[in-house]
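**Student:** Questions regarding the structure given below will be posed in turn.
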2 protein chains.
Amino acid sequence: MPPSARRGRPRDAGADEQILRAAEQELLANGYAAFTVDKVARSAAVAKTTLYRRWPTKDHLAIAVIARMQDEVPVPDTGDLRADLVDYLEQIALGLDRTRRAGPGHAPDDPSSGLVGELVAAAARHPDIGALVRAVFEQRNALAIGLIDRARRRGDLRPDTDPELLFDQLSGALYYRLLITGRPIHRAYAEKLVDAALSGVLPAKEKRT
Amino acid sequence: MPPSARRGRPRDAGADEQILRAAEQELLANGYAAFTVDKVARSAAVAKTTLYRRWPTKDHLAIAVIARMQDEVPVPDTGDLRADLVDYLEQIALGLDRTRRAGPGHAPDDPSSGLVGELVAAAARHPDIGALVRAVFEQRNALAIGLIDRARRRGDLRPDTDPELLFDQLSGALYYRLLITGRPIHRAYAEKLVDAALSGVLPAKEKRT
DNA sequence: CGAATTACGAAACGTGCGTATCGAAAGGAG
DNA sequence: CTCCTTTCGATACGCACGTTTCGTAATTCG
C-alpha cells in the first residue's frame with residue numbers, strides 16, 4: 001500500500017529498464033573490462049546520478065544484469081533422475097556459456113570463466129551482493145534438490161542420501177571446471193559426472209549397505 | 001646462463017621480496033578493498049615504477065601473493081584412501097580459510113569467499129593470470145589425482161574410475177561451498193563428502209556392476 | 001675511460017569510479 | 001496556490017590505477 005503513497009517526484013519508470021538494457025548490451029558486446037558506468041549512462045540517455053540512485057555500485061548493476069540472464073532455467077522432472085540431472089546440468093552449462101563468451105576475443109576453447117568470475121568476486125567484495133547471489137542460487141538449487149529428494153523418497157536413492165550434498169558434488173564440479181580448471185563442459189561430461197556421483201566408485205564387492 | 005649476462009643496471013634483488021612482503025601484509029591486514037598500489041609501494045620503500053616493472057597489474061601482484069600462500073599443502077599418503085582424501089580436503093579448507101579471513105570485519109560465520117574470489121575474477125579478466133592459476137592448481141591437483149589413481153590400481157576403486165572426475169566432485173563441492181553458497185567447510189562435511197562420492201547414493205539392490 | 005643499456009625514484013598525467021553540489025522539474029500536503 | 005519532498009540532469013571533485021616523462025645511478029661492452 002505505501003508504495004503508491006510516496007512524497008516527492010516519482011522515479012522515472014522506464015529508466016530502470018533502459019539502464020539494464022544498455023548495461024546488458026555493453027556487457028555482452030565488450031565484456032566486463034570495457035564496461036564503464038559513464039558509457040552505460042550515456043547509452044541509456046540518463047545522468048550518472050540516476051543510475052547510482054538505483055545501483056550503488058558498478059558491481060551491483062553488473063550483477064543485476066547477470067542474475068537476470070541466469071534465472072530462466074527450466075527444471076525437468078520426468079521421473080528419470082539420471083536423465084533429469086543430466087539435462088539440468090547441461091542447462092546450467094549452457095547458461096554459463098552465454099556469459100563466458102562475453103567480450104571480444106572469445107576463442108572456442110578459451111578457458112575463461114567470463115562474467116561468472118566477476119560475479120564471484122563481487123560477492124566476495126560486497127556482503128549484500130553475496131547475500132543476493134546466495135539467494136538466487138538457493139532458489140534455483142532448491143528445485144534440483146527437490147528433484148533429488150523426491151527420487152530418494154520414492155526409493156531410487158538410498159534413504160540416508162543427503163540431497164544437498166549430492167547437488168554440491170554435481171554443481172560444484174561444474175563450476176570448478178568453469179572457474180578454476182577452465183576445461184570445457186559438454187554433455188558427455190555431465191553424463192559421466194552424474195553416473196559417477198550416483199553409483200560411486202567403490203568396487204561392487206566392497207559396497208557397503 | 002644468459003640470466004647473468006644482462007646489459008644494463010641489474011634489478012634490485014631485494015625489491016621483489018620487499019614488495020611481496022608489504023603486499024601480503026596489506027592484503028591480510030585490510031583485505032583486497034584497501035589494497036592500493038601506492039600504499040604497497042610506499043610501505044616497501046619503492047617507487048611505483050619499480051613495482052610495475054615486475055607486476056604489470058595490481059591483480060598480478062595480488063595473485064602472486066595469494067599463490068604464494070597456497071602452494072604449501074602437504075599431501076598425505078598413508079594408503080587409506082578415505083582418510084587421505086579427508087585430510088587433503090581439510091588442508092585445502094584450512095588454506096582457504098586463511099584467505100577468507102582477510103580484511104577487517106571477519107565474523108566467524110561470515111559467508112565471504114575472500115581472496116579466492118578475487119583470484120577467480122582476476123583469472124577471468126587477464127588470460128595470463130588464468131593460465132598461471134590453472135598451472136598452480138593442476139600441479140597441486142596432480143598429487144591428489146595420483147593418490148586416487150594409485151588406490152584404483154591397487155583395487156580399492158573400480159578399475160573404470162576416472163580419478164580426475166572424482167577429484168572434480170570433491171574439490172568442486174568444496175569451492176562451490178566457499179565461493180557461491182558461502183556455507184562453512186568443516187571436517188564433518190569433508191567426511192560426508194568423501195563417503196558420498198566413494199560409495200555413491202544408489203540403493204544396494206540397484207547397484208550396477 | 002667513454003658509450004650504450006637498463007633500473008631507479010619522483011612527479012605529472014589521463015581515465016574511470018563514486019560522491020557532492022546545484023538548479024530545475026514533478027508530484028503530494030496544507 | 002504555496003510549501004515540501006524527491007528525482008533528474010549537468011558539472012566538478014577526490015581517489016586509485018596504470019602510463020609516461022625525466023634526471024640519475026649501476027653495469028656491460030668496446
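Chain labels run A, B, ... following the order of the C-alpha cells; each chain numbers its residues from 1, and ligands are numbered from 1 in the order shown.
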Considering only C-alpha atoms, extract the chain A residues located within 8 Å of chain B and return them as an MDAnalysis selection string.
**Tutor:** chainID A and resid 33 111:115 117:125 127 130 133:134 137:138 155:158 161 165:166 168:177 179:182 193 196:204 207:209
**Student:** For the selection you just gave me, I'd like the residues written to a file as a PDB file, in the first residue's frame, keeping C-alpha atoms.
**Tutor:**
ATOM      1  CA  ALA A  33      36.679  -4.847 -18.986  1.00  0.00           C
ATOM      2  CA  PRO A 111      39.384 -21.129 -20.833  1.00  0.00           C
ATOM      3  CA  SER A 112      37.789 -18.050 -19.327  1.00  0.00           C
ATOM      4  CA  SER A 113      35.086 -18.047 -16.715  1.00  0.00           C
ATOM      5  CA  GLY A 114      33.793 -14.757 -18.091  1.00  0.00           C
ATOM      6  CA  LEU A 115      31.156 -12.922 -16.168  1.00  0.00           C
ATOM      7  CA  GLY A 117      34.055 -14.957 -12.238  1.00  0.00           C
ATOM      8  CA  GLU A 118      33.149 -11.325 -11.794  1.00  0.00           C
ATOM      9  CA  LEU A 119      30.030 -12.399 -10.003  1.00  0.00           C
ATOM     10  CA  VAL A 120      32.053 -14.434  -7.552  1.00  0.00           C
ATOM     11  CA  ALA A 121      34.464 -11.582  -6.940  1.00  0.00           C
ATOM     12  CA  ALA A 122      31.646  -9.091  -6.479  1.00  0.00           C
ATOM     13  CA  ALA A 123      30.065 -11.435  -3.963  1.00  0.00           C
ATOM     14  CA  ALA A 124      33.368 -11.500  -2.114  1.00  0.00           C
ATOM     15  CA  ARG A 125      33.690  -7.718  -2.141  1.00  0.00           C
ATOM     16  CA  PRO A 127      28.341  -8.524   1.514  1.00  0.00           C
ATOM     17  CA  GLY A 130      26.988 -12.048  -1.636  1.00  0.00           C
ATOM     18  CA  VAL A 133      23.879 -14.254  -5.142  1.00  0.00           C
ATOM     19  CA  ARG A 134      23.290 -16.833  -2.468  1.00  0.00           C
ATOM     20  CA  PHE A 137      21.365 -19.764  -6.266  1.00  0.00           C
ATOM     21  CA  GLU A 138      19.465 -21.167  -3.310  1.00  0.00           C
ATOM     22  CA  GLY A 155      13.272 -45.352  -3.378  1.00  0.00           C
ATOM     23  CA  ASP A 156      15.517 -44.539  -6.322  1.00  0.00           C
ATOM     24  CA  LEU A 157      18.201 -43.417  -3.893  1.00  0.00           C
ATOM     25  CA  ARG A 158      19.321 -44.722  -0.570  1.00  0.00           C
ATOM     26  CA  THR A 161      21.137 -39.776   0.938  1.00  0.00           C
ATOM     27  CA  LEU A 165      25.471 -32.914  -0.627  1.00  0.00           C
ATOM     28  CA  LEU A 166      24.836 -34.738  -3.860  1.00  0.00           C
ATOM     29  CA  ASP A 168      27.149 -29.914  -4.208  1.00  0.00           C
ATOM     30  CA  GLN A 169      29.102 -32.648  -5.934  1.00  0.00           C
ATOM     31  CA  LEU A 170      27.379 -32.126  -9.253  1.00  0.00           C
ATOM     32  CA  SER A 171      27.087 -28.382  -9.385  1.00  0.00           C
ATOM     33  CA  GLY A 172      30.409 -27.912  -7.663  1.00  0.00           C
ATOM     34  CA  ALA A 173      32.264 -29.983 -10.230  1.00  0.00           C
ATOM     35  CA  LEU A 174      30.654 -27.920 -12.955  1.00  0.00           C
ATOM     36  CA  TYR A 175      31.624 -24.566 -11.508  1.00  0.00           C
ATOM     37  CA  TYR A 176      35.024 -25.819 -10.507  1.00  0.00           C
ATOM     38  CA  ARG A 177      35.659 -26.717 -14.109  1.00  0.00           C
ATOM     39  CA  LEU A 179      36.037 -21.121 -12.765  1.00  0.00           C
ATOM     40  CA  ILE A 180      39.322 -22.775 -11.965  1.00  0.00           C
ATOM     41  CA  THR A 181      40.481 -25.520 -14.265  1.00  0.00           C
ATOM     42  CA  GLY A 182      38.793 -23.781 -17.182  1.00  0.00           C
ATOM     43  CA  LEU A 193      29.557 -36.865 -13.687  1.00  0.00           C
ATOM     44  CA  ALA A 196      29.881 -41.356 -11.017  1.00  0.00           C
ATOM     45  CA  ALA A 197      28.081 -39.405  -8.316  1.00  0.00           C
ATOM     46  CA  LEU A 198      25.114 -41.749  -8.326  1.00  0.00           C
ATOM     47  CA  SER A 199      26.837 -45.107  -8.355  1.00  0.00           C
ATOM     48  CA  GLY A 200      30.070 -44.180  -6.591  1.00  0.00           C
ATOM     49  CA  VAL A 201      33.461 -45.587  -7.357  1.00  0.00           C
ATOM     50  CA  LEU A 202      33.947 -48.393  -4.862  1.00  0.00           C
ATOM     51  CA  PRO A 203      34.208 -51.950  -6.185  1.00  0.00           C
ATOM     52  CA  ALA A 204      30.967 -53.911  -6.037  1.00  0.00           C
ATOM     53  CA  LYS A 207      29.978 -51.976  -1.468  1.00  0.00           C
ATOM     54  CA  ARG A 208      28.541 -51.163   1.934  1.00  0.00           C
ATOM     55  CA  THR A 209      24.820 -51.272   2.614  1.00  0.00           C
TER      56      THR A 209
END
**Student:** Residues within 8 Å of segment 82-98 of chain B, please, as a list in words. Count only C-alpha atoms (C1' of nucleotides); anything in the same chain fewer than 5 positions from it doesn't count.
**Tutor:**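 After dropping sequence-adjacent residues, the list is Met69, Gln70, Val73, Pro74, Val75, Pro76, Asp77, Val116, Ala144, Leu170, Ser171, Leu174, Ile185, His186, Arg187, Ala190, Glu191, Val194 and Asp195 of chain B.
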**Student:** Compile the contact shell of segment 43-53 of chain A as an MDAnalysis selection string: residues with an atom at most 6 Å away, counting only C-alpha atoms (C1' of nucleotides), same-chain residues fewer than 2 positions apart removed.
**Tutor:** (chainID A and resid 18:19 22 39:41 55:56) or (chainID D and resid 9)
**Student:** Return as CSV the residues of chain A lying at most 6 Å from chain D, together with the closest atom-to-atom pair for each and the distance in Å to one decimal, counting only C-alpha atoms (C1' of nucleotides), with rows in chain order and ascending residue number.
**Tutor:**
residue,atom,partner,partner_atom,distance
A:Arg7,CA,D:DT5,C1',5.8
A:Gly8,CA,D:DT6,C1',3.8
A:Arg9,CA,D:DT6,C1',4.8
A:Ala47,CA,D:DG9,C1',5.8
**Student:** What are the nearest atom pairs, with distances in Å to one decimal, for all residues of chain C that come at most 12 Å from chain B, using only C-alpha atoms (C1' of nucleotides), set out by chain and rising residue number as a Markdown table?
**Tutor:**
| residue | atom | partner | partner_atom | distance |
| --- | --- | --- | --- | --- |
| C:DA4 | C1' | B:Gly8 | CA | 8.6 |
| C:DT5 | C1' | B:Gly8 | CA | 4.5 |
| C:DT6 | C1' | B:Gly8 | CA | 3.8 |
| C:DA7 | C1' | B:Arg9 | CA | 5.5 |
| C:DC8 | C1' | B:Thr50 | CA | 7.0 |
| C:DG9 | C1' | B:Ala47 | CA | 5.8 |
| C:DA10 | C1' | B:Ala47 | CA | 8.0 |
| C:DA11 | C1' | B:Ala47 | CA | 10.9 |
**Student:** Grab the residues selected above and save them as a PDB file, in the first residue's frame with N, CA and C atoms (P, O5', C5', C4', C3', O3' and C1' of nucleotides).
**Tutor:**
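As written to disk, selection-v5.pdb reads:
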ATOM      1  P    DA C   4      76.566   6.025 -27.892  1.00  0.00           P
ATOM      2  O5'  DA C   4      75.828   4.682 -27.458  1.00  0.00           O
ATOM      3  C5'  DA C   4      76.436   3.425 -27.747  1.00  0.00           C
ATOM      4  C4'  DA C   4      75.835   2.338 -26.877  1.00  0.00           C
ATOM      5  C3'  DA C   4      74.300   2.415 -26.750  1.00  0.00           C
ATOM      6  O3'  DA C   4      73.741   1.140 -27.052  1.00  0.00           O
ATOM      7  C1'  DA C   4      75.297   2.265 -24.608  1.00  0.00           C
ATOM      8  P    DT C   5      72.110   0.969 -27.124  1.00  0.00           P
ATOM      9  O5'  DT C   5      71.778   0.325 -25.710  1.00  0.00           O
ATOM     10  C5'  DT C   5      72.527  -0.813 -25.274  1.00  0.00           C
ATOM     11  C4'  DT C   5      72.144  -1.200 -23.856  1.00  0.00           C
ATOM     12  C3'  DT C   5      70.639  -1.125 -23.560  1.00  0.00           C
ATOM     13  O3'  DT C   5      70.245  -2.343 -22.949  1.00  0.00           O
ATOM     14  C1'  DT C   5      71.870  -0.003 -21.890  1.00  0.00           C
ATOM     15  P    DT C   6      68.685  -2.831 -23.049  1.00  0.00           P
ATOM     16  O5'  DT C   6      68.234  -2.740 -21.525  1.00  0.00           O
ATOM     17  C5'  DT C   6      68.891  -3.556 -20.554  1.00  0.00           C
ATOM     18  C4'  DT C   6      68.788  -2.930 -19.188  1.00  0.00           C
ATOM     19  C3'  DT C   6      67.367  -2.640 -18.699  1.00  0.00           C
ATOM     20  O3'  DT C   6      67.052  -3.513 -17.627  1.00  0.00           O
ATOM     21  C1'  DT C   6      68.889  -0.902 -18.150  1.00  0.00           C
ATOM     22  P    DA C   7      65.591  -3.449 -16.845  1.00  0.00           P
ATOM     23  O5'  DA C   7      65.974  -2.614 -15.535  1.00  0.00           O
ATOM     24  C5'  DA C   7      66.905  -3.160 -14.618  1.00  0.00           C
ATOM     25  C4'  DA C   7      67.085  -2.224 -13.436  1.00  0.00           C
ATOM     26  C3'  DA C   7      65.790  -1.869 -12.703  1.00  0.00           C
ATOM     27  O3'  DA C   7      66.008  -1.935 -11.302  1.00  0.00           O
ATOM     28  C1'  DA C   7      66.871   0.106 -13.435  1.00  0.00           C
ATOM     29  P    DC C   8      64.745  -1.800 -10.341  1.00  0.00           P
ATOM     30  O5'  DC C   8      64.853  -0.295  -9.825  1.00  0.00           O
ATOM     31  C5'  DC C   8      65.995   0.104  -9.078  1.00  0.00           C
ATOM     32  C4'  DC C   8      65.993   1.599  -8.893  1.00  0.00           C
ATOM     33  C3'  DC C   8      64.714   2.166  -8.290  1.00  0.00           C
ATOM     34  O3'  DC C   8      64.910   2.455  -6.922  1.00  0.00           O
ATOM     35  C1'  DC C   8      65.584   3.512 -10.096  1.00  0.00           C
ATOM     36  P    DG C   9      63.622   2.743  -6.013  1.00  0.00           P
ATOM     37  O5'  DG C   9      63.441   4.320  -6.149  1.00  0.00           O
ATOM     38  C5'  DG C   9      64.500   5.171  -5.739  1.00  0.00           C
ATOM     39  C4'  DG C   9      64.166   6.616  -6.035  1.00  0.00           C
ATOM     40  C3'  DG C   9      62.811   7.084  -5.486  1.00  0.00           C
ATOM     41  O3'  DG C   9      62.975   8.314  -4.820  1.00  0.00           O
ATOM     42  C1'  DG C   9      62.932   7.496  -7.824  1.00  0.00           C
ATOM     43  P    DA C  10      61.740   8.948  -4.008  1.00  0.00           P
ATOM     44  O5'  DA C  10      61.196  10.078  -4.994  1.00  0.00           O
ATOM     45  C5'  DA C  10      62.121  10.972  -5.627  1.00  0.00           C
ATOM     46  C4'  DA C  10      61.377  11.887  -6.578  1.00  0.00           C
ATOM     47  C3'  DA C  10      59.968  12.274  -6.120  1.00  0.00           C
ATOM     48  O3'  DA C  10      59.819  13.683  -6.181  1.00  0.00           O
ATOM     49  C1'  DA C  10      59.917  11.412  -8.324  1.00  0.00           C
ATOM     50  P    DA C  11      58.502  14.374  -5.581  1.00  0.00           P
ATOM     51  O5'  DA C  11      57.685  14.839  -6.860  1.00  0.00           O
ATOM     52  C5'  DA C  11      58.388  15.343  -7.998  1.00  0.00           C
ATOM     53  C4'  DA C  11      57.555  15.186  -9.240  1.00  0.00           C
ATOM     54  C3'  DA C  11      56.065  15.522  -9.066  1.00  0.00           C
ATOM     55  O3'  DA C  11      55.777  16.738  -9.753  1.00  0.00           O
ATOM     56  C1'  DA C  11      56.403  13.560 -10.390  1.00  0.00           C
TER      57       DA C  11
END
**Student:** Quick check, in Å to one decimal: how far apart do atom C1' of DT15 of chain C and atom CA of Ala34 of chain B lie?
**Tutor:**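 We find that atom C1' of DT15 of chain C and atom CA of Ala34 of chain B lie 20.2 Å from each other.
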**Student:** Using DSSP secondary structure from the backbone, list all alpha helix (DSSP H) positions within segment 65-196 of chain A, as a PyMOL selection string.
**Tutor:** chain A and resi 65-70+81-100+115-125+127-153+163-176+187-196
**Student:** Measure the distance from atom CA of Leu81 of chain B to atom CA of Ala151 of chain B in Å and round it to one decimal.
**Tutor:**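 Distance reported for this atom pair: 6.6 Å.
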**Student:** Using Å and a single decimal, report how far atom CA of Asp80 of chain A sits from atom CA of Ile148 of chain A.
**Tutor:** 10.4 Å
